[in-house]
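Printed here is input.cif (mmCIF, C-alpha atoms; chains and numbers go by the auth columns):
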data_start
loop_
_atom_site.group_PDB
_atom_site.id
_atom_site.type_symbol
_atom_site.label_atom_id
_atom_site.label_comp_id
_atom_site.label_asym_id
_atom_site.label_seq_id
_atom_site.Cartn_x
_atom_site.Cartn_y
_atom_site.Cartn_z
_atom_site.B_iso_or_equiv
_atom_site.auth_seq_id
_atom_site.auth_asym_id
ATOM 1 C CA THR A 1 35.098 79.675 111.978 0.00 1 A
ATOM 2 C CA ALA A 2 32.983 78.403 114.834 0.00 2 A
ATOM 3 C CA ILE A 3 29.518 76.863 114.729 0.00 3 A
ATOM 4 C CA CYS A 4 27.710 75.372 117.701 0.00 4 A
ATOM 5 C CA VAL A 5 24.468 73.404 117.562 0.00 5 A
ATOM 6 C CA THR A 6 22.725 72.591 120.826 0.00 6 A
ATOM 7 C CA ARG A 7 20.596 69.462 121.034 0.00 7 A
ATOM 8 C CA GLY A 8 18.887 69.760 124.427 0.00 8 A
ATOM 9 C CA LYS A 9 19.206 66.577 126.456 0.00 9 A
ATOM 10 C CA ASP A 10 21.351 65.106 123.664 0.00 10 A
ATOM 11 C CA GLY A 11 24.210 67.576 124.191 0.00 11 A
ATOM 12 C CA ALA A 12 25.795 69.722 121.497 0.00 12 A
ATOM 13 C CA LEU A 13 28.089 69.816 118.481 0.00 13 A
ATOM 14 C CA LEU A 14 30.895 72.312 118.026 0.00 14 A
ATOM 15 C CA LEU A 15 32.734 72.990 114.780 0.00 15 A
ATOM 16 C CA TRP A 16 35.939 74.774 115.783 0.00 16 A
ATOM 17 C CA ASP A 17 38.911 75.416 113.530 0.00 17 A
ATOM 18 C CA LYS A 18 37.707 72.805 111.001 0.00 18 A
ATOM 19 C CA HIS A 19 37.353 70.089 113.690 0.00 19 A
ATOM 20 C CA LEU A 20 34.049 68.678 114.946 0.00 20 A
ATOM 21 C CA TYR A 21 33.544 68.096 118.668 0.00 21 A
ATOM 22 C CA GLU A 22 30.565 66.378 120.270 0.00 22 A
ATOM 23 C CA ASN A 23 29.067 65.982 123.717 0.00 23 A
ATOM 24 C CA GLU A 24 26.162 63.553 124.027 0.00 24 A
ATOM 25 C CA GLY A 25 24.644 65.332 127.031 0.00 25 A
ATOM 26 C CA TYR A 26 24.383 64.590 130.728 0.00 26 A
ATOM 27 C CA THR A 27 21.528 62.747 132.377 0.00 27 A
ATOM 28 C CA ILE A 28 19.723 64.953 134.873 0.00 28 A
ATOM 29 C CA LYS A 29 16.184 65.343 136.148 0.00 29 A
ATOM 30 C CA VAL A 30 14.911 68.548 134.539 0.00 30 A
ATOM 31 C CA GLU A 31 13.493 71.027 137.024 0.00 31 A
ATOM 32 C CA ASP A 32 13.384 74.264 135.022 0.00 32 A
ATOM 33 C CA THR A 33 14.990 74.976 131.625 0.00 33 A
ATOM 34 C CA VAL A 34 14.970 78.785 132.030 0.00 34 A
ATOM 35 C CA GLY A 35 18.546 80.015 131.790 0.00 35 A
ATOM 36 C CA ALA A 36 20.061 76.696 130.697 0.00 36 A
ATOM 37 C CA GLY A 37 20.847 77.843 127.153 0.00 37 A
ATOM 38 C CA ASP A 38 22.268 81.167 128.300 0.00 38 A
ATOM 39 C CA SER A 39 24.409 79.389 130.886 0.00 39 A
ATOM 40 C CA PHE A 40 25.605 76.914 128.251 0.00 40 A
ATOM 41 C CA LEU A 41 26.614 79.689 125.862 0.00 41 A
ATOM 42 C CA GLY A 42 28.282 81.776 128.547 0.00 42 A
ATOM 43 C CA ALA A 43 30.287 78.764 129.747 0.00 43 A
ATOM 44 C CA LEU A 44 31.298 77.813 126.200 0.00 44 A
ATOM 45 C CA VAL A 45 32.403 81.289 125.101 0.00 45 A
ATOM 46 C CA THR A 46 34.244 81.994 128.361 0.00 46 A
ATOM 47 C CA SER A 47 36.031 78.654 128.224 0.00 47 A
ATOM 48 C CA LEU A 48 37.133 79.087 124.619 0.00 48 A
ATOM 49 C CA LEU A 49 38.263 82.690 125.131 0.00 49 A
ATOM 50 C CA ASN A 50 40.321 81.562 128.121 0.00 50 A
ATOM 51 C CA GLY A 51 42.152 78.971 126.004 0.00 51 A
ATOM 52 C CA LYS A 52 40.411 75.797 127.111 0.00 52 A
ATOM 53 C CA GLU A 53 40.604 72.973 124.562 0.00 53 A
ATOM 54 C CA PRO A 54 37.398 72.847 122.458 0.00 54 A
ATOM 55 C CA GLN A 55 36.278 69.412 123.713 0.00 55 A
ATOM 56 C CA ALA A 56 36.823 70.410 127.337 0.00 56 A
ATOM 57 C CA ALA A 57 35.005 73.706 126.727 0.00 57 A
ATOM 58 C CA LEU A 58 32.059 71.883 125.156 0.00 58 A
ATOM 59 C CA ASN A 59 31.905 69.375 128.015 0.00 59 A
ATOM 60 C CA PHE A 60 32.020 72.219 130.553 0.00 60 A
ATOM 61 C CA ALA A 61 29.260 74.113 128.761 0.00 61 A
ATOM 62 C CA CYS A 62 26.986 71.068 128.460 0.00 62 A
ATOM 63 C CA ALA A 63 27.442 70.209 132.135 0.00 63 A
ATOM 64 C CA THR A 64 26.749 73.809 133.138 0.00 64 A
ATOM 65 C CA GLY A 65 23.552 73.929 131.083 0.00 65 A
ATOM 66 C CA ALA A 66 22.425 70.571 132.427 0.00 66 A
ATOM 67 C CA LEU A 67 22.935 71.624 136.042 0.00 67 A
ATOM 68 C CA VAL A 68 20.990 74.836 135.468 0.00 68 A
ATOM 69 C CA ALA A 69 18.139 72.843 133.867 0.00 69 A
ATOM 70 C CA GLY A 70 18.197 70.516 136.869 0.00 70 A
ATOM 71 C CA SER A 71 17.644 73.423 139.270 0.00 71 A
ATOM 72 C CA ALA A 72 14.696 75.714 139.956 0.00 72 A
ATOM 73 C CA GLY A 73 14.877 79.251 138.607 0.00 73 A
ATOM 74 C CA GLY A 74 16.850 80.861 135.822 0.00 74 A
ATOM 75 C CA ASN A 75 19.922 81.706 137.910 0.00 75 A
ATOM 76 C CA PRO A 76 20.599 78.865 140.373 0.00 76 A
ATOM 77 C CA LYS A 77 23.806 78.659 142.358 0.00 77 A
ATOM 78 C CA ILE A 78 26.045 75.933 140.974 0.00 78 A
ATOM 79 C CA SER A 79 29.710 75.464 141.733 0.00 79 A
ATOM 80 C CA ILE A 80 32.708 74.522 139.652 0.00 80 A
ATOM 81 C CA PHE A 81 32.863 71.419 141.860 0.00 81 A
ATOM 82 C CA ASP A 82 29.332 70.418 140.770 0.00 82 A
ATOM 83 C CA ILE A 83 30.219 70.967 137.112 0.00 83 A
ATOM 84 C CA GLU A 84 33.424 68.942 137.295 0.00 84 A
ATOM 85 C CA LYS A 85 31.662 66.190 139.246 0.00 85 A
ATOM 86 C CA LEU A 86 29.034 65.833 136.518 0.00 86 A
ATOM 87 C CA ILE A 87 31.676 65.811 133.796 0.00 87 A
ATOM 88 C CA ASN A 88 33.737 63.146 135.561 0.00 88 A
ATOM 89 C CA LYS A 89 30.661 61.041 136.350 0.00 89 A
ATOM 90 C CA ASN A 90 30.118 60.354 132.648 0.00 90 A
#
Could you render the structure as structure tokens?
Amino acid sequence: TAICVTRGKDGALLLWDKHLYENEGYTIKVEDTVGAGDSFLGALVTSLLNGKEPQAALNFACATGALVAGSAGGNPKISIFDIEKLINKN
């Protein structure tokens, strides 16, 4: 069973295999929220299907969504380096 609840700037909760994981969000200056939720979900599902630990997958997804929201347009170019930098900053 998996349940994910997104909380906008306040991150997300993930219930995965009877364990609850939380990310409190990443501080960014919002430019355009179009595509942020889709990017979050795509990053989360891909990470989990590729065997990433649930907390790491949630952190990756939240950072990905935040970076998309901090960029103009619904499909901005962001790199794995940018995602990891944001994760490690917090």
Practice problem: Would you translate the PyMOL selection byres ((chain A and resi 39) around 9) into the concrete set of residues it matches in this file, as a ChimeraX atom specification? | Solution: /A:35-38,40-44,61,64-65,68,75
Exercise. Please write the residues picked by the PyMOL selection byres ((chain A and resi 88) around 12) on this file as a list in words.
Key: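 That selection, the PyMOL selection byres ((chain A and resi 88) around 12), comes back as Tyr26, Ala56, Asn59, Phe60, Ala63, Phe81, Asp82, Ile83, Glu84, Lys85, Leu86, Ile87, Lys89 and Asn90 of chain A.
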With C-alpha atoms retained, could you export that selection as a CSV table (one decimal), in the frame of the given file?
chain,number,residue,atom,x,y,z
A,26,TYR,CA,24.4,64.6,130.7
A,56,ALA,CA,36.8,70.4,127.3
A,59,ASN,CA,31.9,69.4,128.0
A,60,PHE,CA,32.0,72.2,130.6
A,63,ALA,CA,27.4,70.2,132.1
A,81,PHE,CA,32.9,71.4,141.9
A,82,ASP,CA,29.3,70.4,140.8
A,83,ILE,CA,30.2,71.0,137.1
A,84,GLU,CA,33.4,68.9,137.3
A,85,LYS,CA,31.7,66.2,139.2
A,86,LEU,CA,29.0,65.8,136.5
A,87,ILE,CA,31.7,65.8,133.8
A,89,LYS,CA,30.7,61.0,136.4
A,90,ASN,CA,30.1,60.4,132.6
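Interatomic distance, atom CA of Ala69 of chain A against atom CA of Gln55 of chain A: 21.1 Å.
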Self-check item: Val30 of chain A environment, 8 Å, all atoms listed in the file, sequence neighbours closer than 3 positions dropped, as a ChimeraX atom specification
Solution: /A:33,69-71
Quiz item: On this structure, which residues satisfy the PyMOL selection byres ((chain A and resi 18) around 12), written as a list in words?
Solution: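 Applied to this file, the PyMOL selection byres ((chain A and resi 18) around 12) selects Thr1, Ala2, Ile3, Leu14, Leu15, Trp16, Asp17, His19, Leu20, Tyr21 and Pro54 of chain A.
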Could the residues in this selection be saved with C-alpha atoms as a compact mmCIF listing (two decimals), keeping the file's coordinate frame?
# COMPACT_ATOMS: atom_id res chain seq x y z
CA THR A 1 35.10 79.68 111.98
CA ALA A 2 32.98 78.40 114.83
CA ILE A 3 29.52 76.86 114.73
CA LEU A 14 30.90 72.31 118.03
CA LEU A 15 32.73 72.99 114.78
CA TRP A 16 35.94 74.77 115.78
CA ASP A 17 38.91 75.42 113.53
CA HIS A 19 37.35 70.09 113.69
CA LEU A 20 34.05 68.68 114.95
CA TYR A 21 33.54 68.10 118.67
CA PRO A 54 37.40 72.85 122.46
Practice problem: Calculate how many Å separate atom CA of Gly25 of chain A from atom CA of Asp10 of chain A, rounding to one decimal. | Solution: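 For atom CA of Gly25 of chain A relative to atom CA of Asp10 of chain A, the distance reads 4.7 Å.
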Quiz item: So how many Å separate atom CA of Asp32 of chain A and atom CA of Cys62 of chain A, to one decimal?
Solution: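 Computing the Euclidean distance for atom CA of Asp32 of chain A and atom CA of Cys62 of chain A yields 15.4 Å.
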Quiz item: Of the candidates A:Ala66, A:Ala57, A:Leu49, A:Val34, which one gets nearest to Gly11 of chain A if we count all atoms listed in the file?
Solution: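 Checking each of A:Ala66, A:Ala57, A:Leu49, A:Val34 against Gly11 of chain A, counting all atoms listed in the file, the winner is A:Ala66.
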Quiz item: Which is closer to Ala72 of chain A than all the others in A:Val45, A:Thr6, A:Glu24, A:Lys29, using only C-alpha atoms?
Solution: A:Lys29
Would you mind completing segment 63-74 of chain A to all heavy atoms and writing the output as a CSV table (one decimal), in the coordinates of the input?
chain,number,residue,atom,x,y,z
A,63,ALA,N,27.7,70.5,130.7
A,63,ALA,CA,27.4,70.2,132.1
A,63,ALA,C,26.8,71.4,132.8
A,63,ALA,O,25.9,71.3,133.7
A,63,ALA,CB,28.7,69.8,132.8
A,64,THR,N,27.3,72.6,132.5
A,64,THR,CA,26.7,73.8,133.1
A,64,THR,C,25.3,74.0,132.8
A,64,THR,O,24.4,74.2,133.7
A,64,THR,CB,27.5,75.1,132.7
A,64,THR,OG1,28.9,74.9,133.1
A,64,THR,CG2,27.0,76.3,133.3
A,65,GLY,N,24.9,73.8,131.5
A,65,GLY,CA,23.6,73.9,131.1
A,65,GLY,C,22.7,72.9,131.7
A,65,GLY,O,21.5,73.1,132.1
A,66,ALA,N,23.2,71.7,131.8
A,66,ALA,CA,22.4,70.6,132.4
A,66,ALA,C,22.1,70.9,133.9
A,66,ALA,O,21.0,70.6,134.4
A,66,ALA,CB,23.2,69.2,132.3
A,67,LEU,N,23.1,71.3,134.6
A,67,LEU,CA,22.9,71.6,136.0
A,67,LEU,C,21.9,72.8,136.2
A,67,LEU,O,21.1,72.7,137.2
A,67,LEU,CB,24.3,71.9,136.7
A,67,LEU,CG,25.2,70.7,136.9
A,67,LEU,CD1,26.6,71.2,137.4
A,67,LEU,CD2,24.6,69.8,137.9
A,68,VAL,N,22.0,73.8,135.4
A,68,VAL,CA,21.0,74.8,135.5
A,68,VAL,C,19.6,74.3,135.2
A,68,VAL,O,18.6,74.6,135.9
A,68,VAL,CB,21.4,76.0,134.5
A,68,VAL,CG1,20.2,77.0,134.4
A,68,VAL,CG2,22.6,76.7,135.0
A,69,ALA,N,19.4,73.4,134.2
A,69,ALA,CA,18.1,72.8,133.9
A,69,ALA,C,17.7,71.9,135.0
A,69,ALA,O,16.4,71.7,135.2
A,69,ALA,CB,18.2,72.1,132.6
A,70,GLY,N,18.6,71.4,135.8
A,70,GLY,CA,18.2,70.5,136.9
A,70,GLY,C,17.9,71.3,138.2
A,70,GLY,O,17.7,70.6,139.2
A,71,SER,N,17.9,72.6,138.1
A,71,SER,CA,17.6,73.4,139.3
A,71,SER,C,16.5,74.4,139.0
A,71,SER,O,16.2,74.7,137.9
A,71,SER,CB,18.9,74.3,139.6
A,71,SER,OG,20.0,73.5,139.7
A,72,ALA,N,15.8,74.8,140.1
A,72,ALA,CA,14.7,75.7,140.0
A,72,ALA,C,15.2,77.1,139.7
A,72,ALA,O,16.2,77.5,140.3
A,72,ALA,CB,13.8,75.7,141.2
A,73,GLY,N,14.5,77.9,138.9
A,73,GLY,CA,14.9,79.3,138.6
A,73,GLY,C,15.9,79.4,137.5
A,73,GLY,O,16.6,78.5,137.2
A,74,GLY,N,16.0,80.6,136.9
A,74,GLY,CA,16.8,80.9,135.8
A,74,GLY,C,18.3,81.2,136.2
A,74,GLY,O,19.1,81.3,135.3
